[in-house]
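Novice: One structure follows; several queries about it will come next.
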Amino acid sequence: MNYHLRPALLALTVAGLFYSGAASAEKIRIAYIDPLSGPFAVTGNNVLKSWQAIAELANKEKWAGDNTFEIVGFDNKGSPQETLTALKTVTDQGFRYIAQGFGSGAGLALIDAINKHNQRNPGKEVIYMNTSAGDPDMTNSKCSFYHFRLDANVDMRIEALTSFIEKDKSIKKLYLINPNYAFGQQVSRSAKESLKAKRPDIQIVGDDLPPFGQVKDYSPYIAKIAASGADTVITGNAGSDLSMLIKSSKEANLRSTFYTFFASSPGIAGAIGSAGEDRVKSIPYWHPNNETFSGKEIVESFKKKYNDDYFSSATYTGIALLAKAMKESKSTDPIKVAFAMEGMKVNSLNGEVEMRKADHQLQQPLYMVTWVKVNGKDVKYDEESTGYGWRTDRKIEAAAVTLPTTCQMVRPARS
């Protein structure tokens, strides 16, 4: 009798093992908190779709083994206060991973609130993946074990941008126009300090800080830039603030060259148009017309599925880091995953990148790019069906924009 039961017991045991493995697979839910309505909704919704597209790819290719990713959007309307309300909602719903990027004010509020939440709720900690909030304080004086920045910060971008400007002797007069909150104020300070060191001959002829997301007409600012005689403008404006600024410059036939942080982001291409050819520049960490067209499959499938342009490769890097950390730690617990991500290197769309352990600031290359006509050679992909896209002027390797940090990281105890 026992002899006849053994095969059945063996079958049940094997089935149990497979069931156990299946049951251990988890769905990792990431709450994406950014503007999904209002003046910056174009960017917010694009990045949400980007997270979802990469999650779908990761699930299909089993980046995290049998674990899968799900991205859910929550609208913060671009407001730090609404961000905190959304954070309370997502933690109440059991989300353990948060993504955000549009606005350092919202990002700084998240760091503070997440630190407090994690201290008060052991076993329910959450991790914050930052796609684009660039205030340097977030990985310096306000650094947090629970925060990981996937973008370059302001100082890194300014280092790259001013190194490029340094070699252009035609630049004589420069105007600064940036949003009036932590990020924009830091762009202004950092640009002035860097230019003073590298090109003291350049005259700063203006330094405006318009209110973030509130200006309806940028023509008065463009008139000031024109009156100043500036041949070059540096701006950290984003979203509708940037598109209106560029549009007003086009309408006024201002011929100054614009060095931007975010002109390659959604909703800007139409405002740039043909008038921006050869005079609008940007400093992304990746773009589709990179030297090897890395990511072209994603660019093309994203366009086909969403009729939109994939631009935020931070979403690719973020999922790649999380997936690798979950495999290495054999856990989806945010604390174990966070420890695993420290010092981790992954291959992203812009090459090998590293999440620096000291401050959780991603170290990665940057690109200086210029808005030009698509030519089918080094510029194959346009933006928003304009017939114009970004051409690489220079790839700045990560080592050239690696800067020191003042972060004094406080880490939780390892379980």
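Please note that chains go A, B, ... in the order of the structure tokens, that every chain numbers its residues from 1, and that ligands are numbered from 1 in the order shown.
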Let's see if you can do this: from backbone DSSP, list all strand (DSSP E or B) residues in stretch 270-377 of chain A, as a PyMOL selection string.
Specialist: chain A and resi 280-282+345-348+351-355+361-363+366-373
Novice: Hey, what's within 8 Å of stretch 287-298 of chain A if we count only C-alpha atoms and toss same-chain stuff fewer than 2 positions away? As a list in words, please?
Specialist: Ser264, Pro284, Tyr285, Glu300, Ser301, Phe302, Tyr310, Phe311, Leu349, Asn350, Tyr367, Asp378, Val379, Lys380, Tyr381, Gly389, Trp390, Arg391 and Thr392 of chain A
Novice: Determine the nearest neighbour of A:Asn178 from the options A:Phe69, A:Tyr259, A:Tyr32, A:Tyr388, counting only C-alpha atoms.
Specialist: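 Answer, going by the shortest atom-to-atom distance: A:Tyr259.
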Novice: Report, in Å to a single decimal, how far apart atom CA of A:Val154 and atom CA of A:Ser219 are.
Specialist: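 That distance, rounded to one decimal, is 26.3 Å.
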Novice: Please, which residues of stretch 163-201 of chain A, numbered as in this document, come out helix (DSSP H, G or I) from DSSP, as a list in words?
Specialist: Ser163, Phe164, Ile165, Glu166, Ala182, Phe183, Gly184, Gln185, Gln186, Val187, Ser188, Arg189, Ser190, Ala191, Lys192, Glu193, Ser194, Leu195, Lys196, Ala197 and Lys198 of chain A
